[in-house]
Amino acid sequence: MYKILKKQVLSDLVTLMEVSAPQVTRKAQAGQFVIVRAYEESERIPLTIADFDRAAQSVTLVIQQVGKSTMQMCQMNEGDEFATVAGPLGHPTEIEKYGTVICIGGGVGIAPVYPIARALKEAGNHVISIIGARNQSLLFWEEKMRAVSDELIVTTDDGSYGRKALVTEPLKEILTARQDIKKVWAIGPAIMMKFVAATTKTFNVPTIVSLNTIMIDGTGMCGGCRVLTTDGAQFVCVDGPEFDAHRVDWDVMMSRMQFYRAEEQAAVEQWKHQCNLASAA
Amino acid sequence: MAKKTIVPKKTPMPEQPAEERIHNYNEVPYGYTEEQAIAEAKRCIECAKPLCMAGCPVNINIPGFLKLIADGDFRGAVNLVKETNALPAITGRVCPQETQCEGVCTLCKKFEPVGVGRLERFVADWEAAQGALPVPPLPPPTGKKVAVVGSGPAGLTVAADLARLGHHVTIFEALHEAGGVLVYGIPEFRLPKAIVKREVEYVCSLGVKLVKDFVVGNAATVDELLEEFDAIFLGSGAGLPWFLGIPGENLGGVYSANEYLTRSNLMKAYRFPEYDTPIARGQRVITIGGGNVAMDAARTALRLGAKESIIVYRRSRDEMPARAEEIHHAEQEGIIFNLLTTPVALHGANGRVTEMECLKNELGEPDASGRRRPVAIKDSNFCIPTDIVVVAVGQSPSPLIPKTTPDLKVAKGGVVTVEEQTMKTSKKGVFAGGDVATGGATVILAMGQAKIASKAIDEYLKTGAW
């Protein structure tokens with residue numbers, strides 16, 4: 001069992017959990033993920049490692065409530081235990097001194113892009129970061145990101161904080177204004193990554209995305225997480241989770257991620273109904 | 001001596017009627033009663049040279065245990081079986097007996113063979129009914145530490161053998177439950193999970209430490225394990241699913257058999273929403289393949305509510321590699337067999353699969369496997385409408401361990417190269433057995449290799465000689 005050491009609500013939808021997981025922290029690196037199961041009956045879901053502390057043997061997970069499993073996780077408290085935290089899985093981010101780079105985090109994607117930005121900064125890169133969310137209440141880690149970035153741009157879709165824009169707008173301006181951008185990392189909703197990929201493609205700037213498709217085992221056994229790339233079908237769990245954004249077939253990926261939508265909604269409704277019954281009793 | 005009258009057919013084993021069982025996950029056969037078991041064991045004609053023993057990959061003393069059953073000594077019978085096979089409740093249910101012990105039974109010349117598998121299962125279930133097994137006296141600890149990677153049939157066998165020899169064994173399992181393919185692959189209706197759990201608990205009662213959620217290759221490499229352990233056994237199975245590489249294979253509703261079965265078995269998606277993992281439930285499900293895994297998937301589809309569950313297989317029924325009993329059960333349950341058929345494309349709408357385009361085949365000359373090669377008939381294309389497609393055309397070992405272990409030699413298909421006499425790999429201190437060393441075979445073969453490995457590991461720990 002994996003004890004929750006610290007819980008912090010980051011936004012209306014996003015919660016941070018620091019979890020004891022000695023097996024994971026020994027080798028964890030930026031860019032890798034873990035498979036988490038809250039309870040015995042729960043799904044196995046992939047969560048990118050947002051941070052880790054080797055001395056405390058803990059990993060930091062930043063969880064956005066999207067379905068029953070993540071809602072349940074966010075309701076758990078310090079001292080509670082997750083049934084499974086397996087990892088570190090997938091390949092770590094390739095950190096080098098590239099020169100000037102851009103790190104983009106959208107919504108909950110700000111969390112996994114943070115350790116990448118930090119590692120790139122530590123490696124001597126000039127790091128420009130862009131973080132964005134639908135509105136101010138969904139933004140978090142602005143100060144943390146500022147601390148590891150040479151420049152930071154904050155956007156919201158509705159203009160409730162920072163600049164009123166999608167992350168792709170400042171991205172396009174930077175790519176137009178300066179020719180020295182060596183590489184871009186983008187983590188966020190699939191639709192955001194798709195449009196970041198389209199934007200950087202026109203400027204021919206290599207772009208890495210971290211994919212978060214539906215998984216079960218996370219070790220290459222089920223193939224449920226497969227994405228179509230220009231190299232054929234690849235498994236996000238063992239070939240990724242990071243991919244060359246310009247090689248991913250985004251439409252196939254987004255369509256596969258929608259597959260269980262009806263089941264997911266049914267599960268949420270049934271669970272909320274049970275919660276209501278329990279609180280009424 | 002009076003000539004024995006031979007009952008021509010096996011004593012029937014009672015089972016759930018097909019129309020009932022397709023609506024539940026309970027095991028299909030109920031097993032023999034004591035009387036039925038004795039009657040069946042008495043069918044053995046006690047050949048002077050018993051071929052059945054040679055037909056068994058772990059050389060169980062079959063005539064010996066049949067005689068003990070015939071005499072009503074079930075304790076004696078199960079002890080004799082367990083001398084060479086630690087997991088009889090499992091192999092009695094999943095071995096392809098018709099190509100092993102029963103296939104070479106002398107009775108086959110005129111009659112049905114002795115039901116060795118059913119009797120093996122009987123003695124194991126009889127023992128389980130007597131209550132928890134006492135832990136055998138263990139020798140003093142040798143101080144040697146062994147890491148076993150994977151808790152499937154091979155890993156469990158090696159762990160039990162080495163623990164009984166006084167070595168300290170730790171099993172590393174990637175998933176949250178022990179048992180490997182026995183829990184994620186083989187469905188409840190064919191192998192109840194309570195049986196696997198019992199076997200795992202027994203292995204742990206011998207002092208074996210079980211570490212779950214630990215992915216060797218990621219959480220620690222083989223080299224890192226060697227810093228802590230004196231020897232390693234790789235029993236990590238064949239977990240990498242094959243796809244066909246045809247157009248449309250990435251549509252929603254197209255599953256590898258591994259995914260389909262893991263969702264249903266390990267994650268208990270058949271009990272969704274009580275369990276959170278969903279699985280698509282279609283009116284019509286097509287499974288591609290002719291092996292045990294394909295039968296398991298097609299029969300699972302029925303239990304998930306499919307009105308039609310169809311097997312598409314490129315050769316004919318005679319070439320199907322599945323156990324005879326699985327094909328028989330599948331037919332009883334109304335699975336439709338579309339034989340001599342090769343899928344060439346999957347078509348869909350709104351991101352979901354809607355039909356499978358196929359070609360008809362005829363049988364040509366035998367290929368390398370000795371089976372007649374399917375040859376496509378030109379322009380014979382036709383389509384089968386479907387909601388779900390399960391690809392069950394095979395699997396190979398996961399590349400995770402070889403990739404992170406540079407000096408571990410692997411052959412074509414990622415199969416770890418071993419010396420057959422010892423199951424030694426190319427890397428000092430590292431042994432391998434089961435599907436990771438065969439590419440994908442049977443539970444009993446994995447256990448046979450595990451037995452060989454246990455002996456060699458013990459020898460290596462004692463002498464240090466490689």
# chains A, B, ... in the order shown; residues from 1 in each chain; ligands from 1
call {"tool": "residues_around", "arguments": {"residues": "stretch 168-183 of chain A", "least_positions_apart": "3", "cutoff": "12 Å", "atoms": "only C-alpha atoms", "output": "VMD selection string"}}
result
chain A and resid 94 to 106 117 120 125 to 132 151 to 157 162 to 165 186 188 191 to 209 244 to 245
call {"tool": "interface_residues", "arguments": {"of": "chain B", "to": "chain A", "cutoff": "10 Å", "atoms": "only C-alpha atoms", "output": "PyMOL selection string"}}
result
chain B and resi 174-176+211-220+238-243+245+249-263+266-269+271-280+350-352+395-400
call {"tool": "atom_distance", "arguments": {"atom1": "atom CA of A:Asn212", "atom2": "atom CA of B:Gly235"}}
result
29.2 Å
call {"tool": "closest_residue", "arguments": {"among": "A:Trp141, A:Tyr2, A:Trp185, A:Phe52", "to": "A:Glu242", "atoms": "only C-alpha atoms"}}
result
A:Trp185
call {"tool": "atom_distance", "arguments": {"atom1": "atom CA of B:Leu156", "atom2": "atom CA of B:Gly434"}}
result
11.1 Å
call {"tool": "select_by_dssp", "arguments": {"residues": "stretch 65-122 of chain B", "states": "helix (DSSP H, G or I)", "output": "NGL selection string"}}
result
:B and (65-70 or 74-84 or 88-94 or 97-99 or 102-104 or 106-109 or 116-122)
call {"tool": "residues_around", "arguments": {"residues": "stretch 36-51 of chain B", "least_positions_apart": "5", "cutoff": "12 Å", "atoms": "only C-alpha atoms", "output": "PyMOL selection string"}}
result
chain B and resi 3-14+30-31+56+59-74+77+100-108+111-123+125-126
call {"tool": "atom_distance", "arguments": {"atom1": "atom CA of B:Leu304", "atom2": "atom CA of B:Ile22"}}
result
8.7 Å
call {"tool": "closest_residue", "arguments": {"among": "A:Gly79, A:Gly107, A:Gly31, A:Gly67", "to": "A:Leu10", "atoms": "only C-alpha atoms"}}
result
A:Gly107
call {"tool": "residues_around", "arguments": {"residues": "stretch 183-199 of chain B", "least_positions_apart": "4", "cutoff": "10 Å", "atoms": "only C-alpha atoms", "output": "PyMOL selection string"}}
result
chain B and resi 21-22+24-29+86-94+124-125+128+132-133+152-153+156-157+160+175+177-179+203-205+257-268+292-293+296-297+299-300+303+326
call {"tool": "select_by_dssp", "arguments": {"residues": "stretch 33-235 of chain B", "states": "strand (DSSP E or B)", "output": "PyMOL selection string"}}
result
chain B and resi 145-149+168-172+209-211+216+220+231-234
call {"tool": "write_last_selection", "arguments": {"atoms": "C-alpha atoms", "output": "PDB file, in the first residue's frame"}}
result
ATOM      1  CA  LYS B 145      19.122 -15.030  -2.200  1.00  0.00           C
ATOM      2  CA  VAL B 146      17.238 -15.611  -5.441  1.00  0.00           C
ATOM      3  CA  ALA B 147      15.098 -13.104  -7.361  1.00  0.00           C
ATOM      4  CA  VAL B 148      12.275 -14.538  -9.444  1.00  0.00           C
ATOM      5  CA  VAL B 149      10.902 -12.185 -12.082  1.00  0.00           C
ATOM      6  CA  HIS B 168      15.610 -17.075   0.283  1.00  0.00           C
ATOM      7  CA  VAL B 169      13.352 -16.244  -2.653  1.00  0.00           C
ATOM      8  CA  THR B 170      11.776 -12.918  -3.627  1.00  0.00           C
ATOM      9  CA  ILE B 171       9.243 -12.807  -6.473  1.00  0.00           C
ATOM     10  CA  PHE B 172       8.916  -9.507  -8.345  1.00  0.00           C
ATOM     11  CA  LYS B 209       8.542 -12.902  -0.389  1.00  0.00           C
ATOM     12  CA  LEU B 210       6.182 -11.459  -2.973  1.00  0.00           C
ATOM     13  CA  VAL B 211       6.792  -7.883  -4.182  1.00  0.00           C
ATOM     14  CA  VAL B 216      11.840  -5.253 -13.523  1.00  0.00           C
ATOM     15  CA  ALA B 220      15.350  -2.029 -11.164  1.00  0.00           C
ATOM     16  CA  ALA B 231      20.852 -15.657  -8.849  1.00  0.00           C
ATOM     17  CA  ILE B 232      17.903 -14.540 -10.952  1.00  0.00           C
ATOM     18  CA  PHE B 233      15.184 -16.516 -12.686  1.00  0.00           C
ATOM     19  CA  LEU B 234      13.363 -14.735 -15.494  1.00  0.00           C
TER      20      LEU B 234
END
